[in-house]
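These notes are about the structure you will find just below.
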Amino acid sequence: MIGIFDSGVGGLTVVKEIKKAMPKAPIVYFGDTARLPYGNKSQETIRKYSSEIVDFLKSKNCQTIIIACNSASALAADFLREKYPELNIYDVVSSGAQAVTEATKTRRIGVIGTAATINSGVYKKKIAEIDPKIEVHVQACPLFVPLVEENWIRRPETKKIARAYLRGLKLKKVDTLLLGCTHYPLLEKVISEVMGKRTKVIASGEKLAEFLKKTHLETKFPSNDEYFVSDLTPHFEKLAGKILGKDIKIRKVML
């Protein structure tokens, strides 16, 4: 079983990519909707929440864990790997850094994410490990997560906010922009419109799905996926169905 967790609905964009690459892969998803966003939380709090979620996914027989939250990836991934050596733990930061370094032509990259992710400096560190000559420009976009959670994806206010956040990266003439939060692919169309055709916009979920397909054996039988959240609303169910392209059964679990 593959366990995937995020602070909310954004991690379902990673689920979508994995199911596209591995349709029969059995998945257990947990969205910590009662405690989102993670982007403005401390490292201690994010580690605590992440550990509680991993314990839950372990109870569901998940041996592979995907941290589909950039804030948790940045501030808790190494902590979780040390705490749970028996599990295979992957994070979206590593796959995103690899994807963006492969895509850039000018070696001038932009990364957007939550305040926690950007302030951690994790993307600059990961990208420098791959290619120290790459120029990395970052921008925190804290309003993007609540905009997605409220399904304000195509509202004119959202585009105005995107223009304000991305203005500096446009001036830096980045040729590749990494969406350093799994909520952000839901705003990809708006972000691409603001950045223009000369900038390639990349989400980390696709690269991670490619890696999993190469390293994991896919079951021969159709998967029995399970979806859990810490707080369930009709709004979340509607948005989840929109992301995955189908209605899914979601259960509420208090950790």
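So you can find residues: chains in the structure tokens are A, B, ... in the order shown, residues in each start at 1, and ligands are numbered from 1 in order.
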
From a DSSP pass on the backbone, collect the residues of region 72-252 of chain A flagged as strand (DSSP E) and hand them back as a compact mmCIF listing (two decimals) with C-alpha atoms, in the first residue's frame.
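As a result, part-v6.txt now contains:
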# COMPACT_ATOMS: atom_id res chain seq x y z
CA ASN A 88 10.12 3.90 2.33
CA ILE A 89 9.50 7.65 2.62
CA TYR A 90 9.55 9.94 -0.41
CA ASP A 91 8.95 13.67 -0.59
CA ARG A 108 17.55 30.56 -14.16
CA ILE A 109 14.82 28.95 -12.07
CA GLY A 110 11.92 30.27 -10.01
CA VAL A 111 10.34 28.42 -7.08
CA ILE A 112 7.08 29.38 -5.38
CA GLY A 113 5.70 27.84 -2.20
CA GLU A 135 20.40 30.53 -10.29
CA VAL A 136 17.38 30.03 -8.01
CA HIS A 137 14.85 32.77 -7.25
CA VAL A 138 12.13 32.07 -4.69
CA GLN A 139 8.80 33.63 -3.74
CA ALA A 140 6.41 32.76 -0.93
CA THR A 176 11.32 27.50 -15.51
CA LEU A 177 8.98 27.88 -12.54
CA LEU A 178 8.52 25.11 -9.99
CA LEU A 179 5.21 24.91 -8.17
CA LYS A 200 7.76 26.55 -18.35
CA VAL A 201 5.67 25.73 -15.27
CA ILE A 202 6.41 22.42 -13.55
CA ALA A 203 4.71 20.48 -10.75
CA GLU A 226 -9.11 4.77 0.64
CA TYR A 227 -9.44 8.49 1.32
CA PHE A 228 -9.43 10.06 4.78
CA VAL A 229 -9.49 13.61 6.16
CA ILE A 250 -14.06 10.09 1.89
CA ARG A 251 -14.09 9.26 5.57
CA LYS A 252 -13.41 11.50 8.53

Worksheet item: Skipping near chain neighbours, those fewer than 5 positions away, what residues fall within 12 Å of Gly3 (chain A) using only C-alpha atoms, listed as a PyMOL selection string?
Response: chain A and resi 11-12+14-15+18+25-31+53-68+87-91+225-228

Can I get the selected residues back with N, CA and C atoms, as a CSV table (one decimal), in the first residue's frame?
chain,number,residue,atom,x,y,z
A,11,GLY,N,-2.7,17.5,-2.1
A,11,GLY,CA,-2.0,16.2,-2.3
A,11,GLY,C,-2.7,15.3,-3.3
A,12,LEU,N,-4.0,15.6,-3.5
A,12,LEU,CA,-4.7,14.8,-4.5
A,12,LEU,C,-4.2,15.0,-5.9
A,14,VAL,N,-1.1,14.9,-6.6
A,14,VAL,CA,-0.1,13.9,-6.6
A,14,VAL,C,-0.7,12.5,-6.8
A,15,VAL,N,-1.8,12.2,-6.1
A,15,VAL,CA,-2.6,11.0,-6.3
A,15,VAL,C,-2.9,10.8,-7.8
A,18,ILE,N,0.0,9.8,-9.8
A,18,ILE,CA,0.4,8.4,-9.5
A,18,ILE,C,-0.6,7.4,-10.1
A,25,ALA,N,-2.2,0.8,-8.6
A,25,ALA,CA,-1.5,1.0,-7.3
A,25,ALA,C,-2.4,1.3,-6.2
A,26,PRO,N,-2.4,0.5,-5.1
A,26,PRO,CA,-3.4,0.8,-4.0
A,26,PRO,C,-2.9,1.9,-3.1
A,27,ILE,N,-3.8,2.9,-2.9
A,27,ILE,CA,-3.4,4.2,-2.3
A,27,ILE,C,-4.3,4.4,-1.1
A,28,VAL,N,-3.7,4.9,0.0
A,28,VAL,CA,-4.4,5.4,1.2
A,28,VAL,C,-4.0,6.9,1.3
A,29,TYR,N,-5.0,7.8,1.2
A,29,TYR,CA,-4.7,9.2,1.2
A,29,TYR,C,-5.3,9.8,2.5
A,30,PHE,N,-4.5,10.7,3.1
A,30,PHE,CA,-4.9,11.4,4.3
A,30,PHE,C,-4.7,12.9,4.1
A,31,GLY,N,-5.8,13.7,4.2
A,31,GLY,CA,-5.7,15.2,4.1
A,31,GLY,C,-6.0,15.8,5.5
A,53,ILE,N,0.2,11.4,11.4
A,53,ILE,CA,-0.4,10.9,10.1
A,53,ILE,C,0.3,9.6,9.7
A,54,VAL,N,1.7,9.6,9.8
A,54,VAL,CA,2.4,8.4,9.4
A,54,VAL,C,2.0,7.2,10.3
A,55,ASP,N,1.8,7.4,11.5
A,55,ASP,CA,1.3,6.4,12.4
A,55,ASP,C,0.0,5.8,11.9
A,56,PHE,N,-0.9,6.7,11.5
A,56,PHE,CA,-2.2,6.3,11.0
A,56,PHE,C,-2.0,5.5,9.7
A,57,LEU,N,-1.2,6.0,8.8
A,57,LEU,CA,-1.0,5.3,7.5
A,57,LEU,C,-0.3,3.9,7.7
A,58,LYS,N,0.6,3.8,8.7
A,58,LYS,CA,1.2,2.5,9.1
A,58,LYS,C,0.1,1.6,9.6
A,59,SER,N,-0.9,2.1,10.3
A,59,SER,CA,-2.0,1.2,10.8
A,59,SER,C,-2.8,0.7,9.6
A,60,LYS,N,-2.7,1.4,8.5
A,60,LYS,CA,-3.5,0.9,7.3
A,60,LYS,C,-2.6,0.1,6.4
A,61,ASN,N,-1.5,-0.4,6.9
A,61,ASN,CA,-0.5,-1.3,6.2
A,61,ASN,C,0.2,-0.6,5.1
A,62,CYS,N,0.5,0.7,5.2
A,62,CYS,CA,1.3,1.3,4.1
A,62,CYS,C,2.8,1.2,4.5
A,63,GLN,N,3.5,0.7,3.5
A,63,GLN,CA,5.0,0.5,3.7
A,63,GLN,C,5.7,1.6,2.9
A,64,THR,N,5.0,2.2,2.0
A,64,THR,CA,5.6,3.4,1.2
A,64,THR,C,4.8,4.6,1.6
A,65,ILE,N,5.5,5.7,2.0
A,65,ILE,CA,4.8,6.9,2.4
A,65,ILE,C,5.3,8.0,1.5
A,66,ILE,N,4.4,8.8,0.9
A,66,ILE,CA,4.7,10.0,0.1
A,66,ILE,C,4.2,11.2,0.8
A,67,ILE,N,5.2,12.1,1.1
A,67,ILE,CA,4.8,13.4,1.7
A,67,ILE,C,4.5,14.3,0.6
A,68,ALA,N,3.2,14.5,0.4
A,68,ALA,CA,2.7,15.3,-0.7
A,68,ALA,C,2.4,16.7,-0.3
A,87,LEU,N,10.2,2.2,6.9
A,87,LEU,CA,9.3,2.6,5.8
A,87,LEU,C,10.1,3.3,4.7
A,88,ASN,N,9.6,3.2,3.5
A,88,ASN,CA,10.1,3.9,2.3
A,88,ASN,C,9.4,5.2,2.3
A,89,ILE,N,10.1,6.3,2.6
A,89,ILE,CA,9.5,7.6,2.6
A,89,ILE,C,10.1,8.5,1.5
A,90,TYR,N,9.2,9.1,0.7
A,90,TYR,CA,9.5,9.9,-0.4
A,90,TYR,C,8.9,11.3,-0.2
A,91,ASP,N,9.5,12.3,-0.7
A,91,ASP,CA,8.9,13.7,-0.6
A,91,ASP,C,8.9,14.4,-1.9
A,225,ASP,N,-8.6,1.8,-3.2
A,225,ASP,CA,-8.1,3.1,-2.6
A,225,ASP,C,-9.0,3.5,-1.5
A,226,GLU,N,-8.4,4.2,-0.5
A,226,GLU,CA,-9.1,4.8,0.6
A,226,GLU,C,-8.7,6.2,0.8
A,227,TYR,N,-9.7,7.1,1.2
A,227,TYR,CA,-9.4,8.5,1.3
A,227,TYR,C,-10.0,8.9,2.7
A,228,PHE,N,-9.1,9.6,3.4
A,228,PHE,CA,-9.4,10.1,4.8
A,228,PHE,C,-9.1,11.5,5.0

Practice prompt. Using DSSP on the backbone, list every residue of region 16-213 of chain A that comes out as helix (DSSP H, G or I), and give them as a PyMOL selection string.
Written response: chain A and resi 16-21+43-59+70-83+92-103+115-120+122-130+144-149+156-171+184-195+204-213

Item to complete: Can you pull out every residue within 8 Å of region 122-128 of chain A, counting only C-alpha atoms, but drop anything in the same chain fewer than 5 positions away, and send it as a PyMOL selection string?
Response: chain A and resi 74+93-94+97-98+101+111+117+133-134+136

Worksheet entry | Exercise: Glu149 (chain A) partners within 10 Å, only C-alpha atoms, chain neighbours under 5 positions left out, as a list in words | Gly8, Val9, Gly10, Thr33, Leu36, Pro37, Phe144, His183, Leu186, His235, Phe236 and Leu239 of chain A

Discussion item. List as number ranges by chain the protein and nucleic acid residues near Tyr38 (chain A), meaning an atom at most 8 Å away when only C-alpha atoms are counted, but skip any in the same chain fewer than 4 places from it.
Written reply: A: 7, 46, 71-72, 116

Worksheet entry | Minimum-distance residue to Asp175 (chain A), chosen among A:Lys105, A:Thr158, A:Glu129, A:Ser192 (using only C-alpha atoms) |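 Selected residue with least distance to Asp175 (chain A): A:Lys105.
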
Fill in: Given only C-alpha atoms as the counted atoms, nearest of A:Lys48, A:Lys213, A:Lys159, A:Lys83 to Lys189 (chain A)
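Of A:Lys48, A:Lys213, A:Lys159, A:Lys83, the one nearest Lys189 (chain A) is A:Lys159, counting only C-alpha atoms.
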
Practice prompt. Find the spatial neighbours of Leu80 (chain A), counting only C-alpha atoms, within a cut-off of 8 Å - ignore same-chain residues fewer than 6 positions away - and output them as a PyMOL selection string.
Written response: chain A and resi 47+50-51+89

Could you take the residues named above and write them with C-alpha atoms, as a tab-separated table (two decimals), in the first residue's frame?
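Final output, saved to part30.tsv:
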chain	number	residue	atom	x	y	z
A	47	ARG	CA	6.79	17.26	12.64
A	50	SER	CA	3.31	14.46	10.23
A	51	SER	CA	4.24	11.77	12.76
A	89	ILE	CA	9.50	7.65	2.62

Fill in: Between CA of Leu208 (chain A) and CA of Glu17 (chain A), distance in Å (one decimal)
8.4 Å

Fill in: Nearest candidate to Asn224 (chain A) (options A:Lys249, A:Lys197, A:Lys170, A:Lys242; using only C-alpha atoms)
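Among A:Lys249, A:Lys197, A:Lys170, A:Lys242, it is A:Lys249 that comes nearest to Asn224 (chain A).
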